[in-house]
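Novice: Below are the structure tokens for one structure; questions will follow.
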Amino acid sequence: MKRVVVLGAGYAGVDAALTLHKKLKNDDVSISIIDKNDRHTLLTELHEVAGNRVDEESVKIYLNDIFKYTKVNIIQDEITSIDFEGQTLTSEKNTYAYDYLVVGCGSEPAFFGIEGMEENAFTLWSLEDAKKINKHIRTMFQLASKEQNAERRKEYLTLVVGGGGFTGIEMVGELIQWRDVLCKEYNIAKNEVRLVVVEAMDKILAVYPQNLIDKAMNYLKSNGVEVLANSPITKVTPNRLDIKDGTVVPTNTLIWTGGVKVASFVEKVGLPAAQRGRGRVEVNEYTQSTAYPNVFLVGDNSFFVEEDGKPLPLLVESAMQTGKGAGKNIANLIHNKPLEKCKPKLHGTMVSIGRKYAVAETMGMKTSGLMAMAIKHMVNIHYQFEVAGFEQVIRYLKHQFVHKRKDDNIIKKHLTTETFTFWMVIMRMYLGYMWLMQGIHKYNDGWFSKVSIYAQKVAAAADATASASTAAAEGAAEVVVQGMNLIGQNTPAWYAWMCETIIVPNAMLFQKIIVLTELGLGIAFLTGTFTFIAAIVSIGMNINFLLSTGLYDYWYIVTSIACLGGAGRAFGVDHYLMPWFMKNWRHFVRNKSIKINL
Ligand SMILES: Cc1cc2nc3c(=O)[nH]c(=O)nc-3n(C[C@H](O)[C@H](O)[C@H](O)COP(=O)(O)OP(=O)(O)OC[C@H]3O[C@@H](n4cnc5c(N)ncnc54)[C@H](O)[C@@H]3O)c2cc1C
């Protein structure tokens, strides 16, 4: 049996392992993923934890959740060395043998030898880093609130971000909103707090076009952030930092985001580093090590040069695509097929500046504000759906939009007020009872045995009813006696046309559909089964009635809307059905086969 090992469950490693499962699920091959943590960390959202927008759970996706229903074995261990000749990985306690290896251990901060930087600055490269920053900033406000000495107070209340790249700007963006909350909490005047970005280059977000940089700058300035460009930091101590031009910034808080290099573990393993790659490992067009053909380097570890001669940037998309490429090519090697060139396609980048603003350049489109925020959320949702399914998306949405934070605006405070679904049970069951009765009445009125609907413009219909005579539905096979006219006074012309040309000529079919739907809705609401879908159908049915005869029972719509919020989870079948359904859906997605997991 061939053994494939993926080292590192970051963006690249996870994609590599999922691709390996997809391609090799029916082969006699073992696939293992090794990571020092039991989770995949959403590094791109760390600033949100550091800046108190979301709690730490929101950036964790447990490996069990990702690799459920796959043949990927999860091993939690920290690898300390790799023997490429002997094909083994070693940790403090274990040795793991492999036939094929994917290395995706990511990056770490680079300090460029700046005096005191490593010792005194905070970094933002792991969940632990983000939590440390969060705790420290709160402590600074606490200390400042009790401090009488003006100089000390200034040091506490000056928060500096070193580096005006994507991560630095995202970090300071979070501080804008959190500053306001902390000021209220600790009774500190907002103008006492200094938020500063120190950037060595002449501008922030240097890879962006100038108009996006201007927008970001305007937003930062209008929110009181000072941007010091052309300002390389030369020295950092616990309570100040020095800039090359002689400026001194008194502060206890420098968050350093200004440099990145390959993880030092990868530097030490002895693979040839690319010349321009700050330790990133040389690979060919298949993401394969130039030294060992059974070893593939992915994500931040690989110095992958595109056809135009440019190296892939250190981005999530690069990581995912090199991960997929490596997975495919290992499967090709195992299946004795030729290797495929990895051809990454990058779609762009987004930078959030706090919760309320963002700038983005995606697929050649430059956006800012709400649009850019929406794109960022959509990209996050898409990624998390791919990696861990619908449940993860729900978790993301809850963390971002439902969980209450102190700085929520008035609308969100109302939107996020939680209640027990228990209170909806009676309402849900009454709605079900009413739908059931509607269906039963129609059935008893003969909707299964005779044509009971017709379509006539209102004036004619009134005559027909008044004379209690028959009204022939155009094209219908039978004659209508005291039926229901589908065209009311306010029916739009297009809907009337649909009734006349599609529904009435097929009256028996549509009558049966309506009766069965009403009975189905009744049972669904009464038992709390697939309640969300039932609520959508219920709303749809009522919109139909509204367009047709006009709506007489508005409460149906209102109650159906209320039932969208998980009304079947309390005293309903959904309580058991939904988790079961999700489980089996995930199994199907991963394996394209149905196996009932109880
Ligand atoms: C704060 C921050 C914000 C970012 N924002 C963006 C953004 O908005 N957009 C974007 O495209 N990119 C962004 N990036 C860059 C992006 O996150 C990286 O390019 C991407 O994470 C690289 O993926 P990877 O799989 O190579 O490494 P990582 O995602 O870093 O994963 C490496 C994995 O290897 C594991 N590991 C490392 N060493 C060992 C070992 N010895 N033994 C066992 N396990 C080990 C780690 O635990 C980790 O799980 C950001 C990065 C940071 C830090």
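Going by the structure tokens order, chains are called A, B, ..., each with residues numbered from 1, while ligands are numbered from 1 in the order shown.
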Please provide the set of residues having any atom within 12 Å of range 557-573 of chain A, restricted to only C-alpha atoms, with same-chain residues fewer than 6 positions apart removed, written as number ranges by chain.
Specialist: A: 418-432, 434-435, 521-546, 551, 579-581
Novice: Please, which residues in range 328-369 of chain A fall within 12 Å of range 222-241 of chain A when counting only C-alpha atoms, and what is the closest atom pair and distance in Å to one decimal for each, ordered by chain then residue number, as a Markdown table?
Specialist:
| residue | atom | partner | partner_atom | distance |
| --- | --- | --- | --- | --- |
| A:Ile353 | CA | A:Asn223 | CA | 10.5 |
| A:Gly354 | CA | A:Asn223 | CA | 10.6 |
| A:Lys356 | CA | A:Asn223 | CA | 11.6 |
| A:Tyr357 | CA | A:Asn223 | CA | 11.3 |
Novice: Counting only C-alpha atoms and all ligand atoms, which of A:Gly104, A:Gly270, A:Pro505, A:Pro492 gets nearest to ligand 1?
Specialist: A:Gly104
Novice: What residues have any atom no more than 7 Å from ligand 1 when counting only C-alpha atoms and all ligand atoms, and can you list them as a ChimeraX atom specification?
Specialist: /A:7-13,34-37,40-41,43-47,77-80,104-107,124-126,166-167,263,265,298-301,314-317,319,349-351
Novice: Using only C-alpha atoms, what does the table of range 44-131 of chain A residues within 8 Å of range 169-189 of chain A look like, with each row giving the shortest atom pair and its distance in Å to one decimal, sorted by chain and ascending number, as a tab-separated table?
Specialist:
residue	atom	partner	partner_atom	distance
A:His47	CA	A:Met171	CA	5.0
A:Glu48	CA	A:Glu174	CA	6.5
A:Ala50	CA	A:Met171	CA	7.7
A:Gly51	CA	A:Glu174	CA	4.9
A:Asn52	CA	A:Trp178	CA	6.7
A:Arg53	CA	A:Glu174	CA	7.2
Novice: Go through A:Val269, A:Val283, A:Val103, A:Leu254 and flag the residue nearest Ala121 in chain A, using only C-alpha atoms for the distances.
Specialist: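 Looking only at the distances to Ala121 in chain A, the closest residue turns out to be A:Leu254.
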Novice: Which of these residues is nearest to Glu307 in chain A, using only C-alpha atoms: A:Lys324, A:Lys345, A:Arg138, A:Arg280?
Specialist: A:Lys345
Novice: Between A:Phe111, A:Phe122, A:Tyr396, A:Trp447, which one has atoms that come closest to Lys512 in chain A, using only C-alpha atoms?
Specialist: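 Of A:Phe111, A:Phe122, A:Tyr396, A:Trp447, the one nearest Lys512 in chain A, counting only C-alpha atoms, is A:Trp447.
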Novice: My list of candidates is A:Glu155, A:Val49, A:Val160, A:Ile61. Which is closest to Leu127 in chain A when distances are computed with only C-alpha atoms?
Specialist: A:Val49
Novice: Could you pull the residues within 8 Å of range 382-388 of chain A, counting only C-alpha atoms, minus those fewer than 4 positions along the same chain, as a list of chain:residue names?
Specialist: A:Val14, A:Asp15, A:Ile61, A:Asp65, A:Ile66, A:Met378, A:Gln392, A:Val393
Novice: Would you put the residues from that selection into a file with N, CA and C atoms, as an mmCIF file, in the first residue's frame?
Specialist:
data_model
loop_
_atom_site.group_PDB
_atom_site.id
_atom_site.type_symbol
_atom_site.label_atom_id
_atom_site.label_comp_id
_atom_site.auth_asym_id
_atom_site.auth_seq_id
_atom_site.Cartn_x
_atom_site.Cartn_y
_atom_site.Cartn_z
ATOM 1 N N VAL A 14 -4.791 21.337 3.315
ATOM 2 C CA VAL A 14 -6.177 20.856 3.331
ATOM 3 C C VAL A 14 -6.641 20.569 1.900
ATOM 4 N N ASP A 15 -6.346 21.491 0.986
ATOM 5 C CA ASP A 15 -6.771 21.262 -0.400
ATOM 6 C C ASP A 15 -6.052 20.071 -1.027
ATOM 7 N N ILE A 61 -11.417 25.719 12.148
ATOM 8 C CA ILE A 61 -12.250 24.652 11.582
ATOM 9 C C ILE A 61 -11.562 23.348 11.976
ATOM 10 N N ASP A 65 -13.971 17.929 11.290
ATOM 11 C CA ASP A 65 -15.105 18.417 10.499
ATOM 12 C C ASP A 65 -14.768 18.445 9.011
ATOM 13 N N ILE A 66 -13.508 18.715 8.709
ATOM 14 C CA ILE A 66 -13.125 18.792 7.294
ATOM 15 C C ILE A 66 -13.031 17.399 6.674
ATOM 16 N N MET A 378 -18.462 36.809 0.594
ATOM 17 C CA MET A 378 -18.809 35.734 -0.340
ATOM 18 C C MET A 378 -17.624 34.795 -0.557
ATOM 19 N N GLN A 392 -20.479 24.711 8.310
ATOM 20 C CA GLN A 392 -19.423 25.691 8.551
ATOM 21 C C GLN A 392 -19.876 27.081 8.091
ATOM 22 N N VAL A 393 -20.619 27.106 6.982
ATOM 23 C CA VAL A 393 -21.124 28.394 6.486
ATOM 24 C C VAL A 393 -22.077 28.993 7.518
#
Novice: In Å to one decimal, how far is CA of Pro109 in chain A from CA of Gly259 in chain A?
Specialist: 5.6 Å
Novice: Please give the complete set of residues from range 500-581 of chain A that DSSP, run on the backbone, assigns to alpha helix (DSSP H), formatted as a ChimeraX atom specification.
Specialist: /A:507-527,531-547,555-563,574-581
Novice: Find the residues near Tyr286 in chain A: any atom within 8 Å, counting only C-alpha atoms, skip ones fewer than 5 places away on the same chain, and give them as a ChimeraX atom specification.
Specialist: /A:325-326,329,339-342
Novice: What lies within 8 Å of range 365-377 of chain A using only C-alpha atoms, ignoring chain neighbours under 2 positions off, as number ranges by chain?
Specialist: A: 212, 215, 350-352, 356-363, 379-381
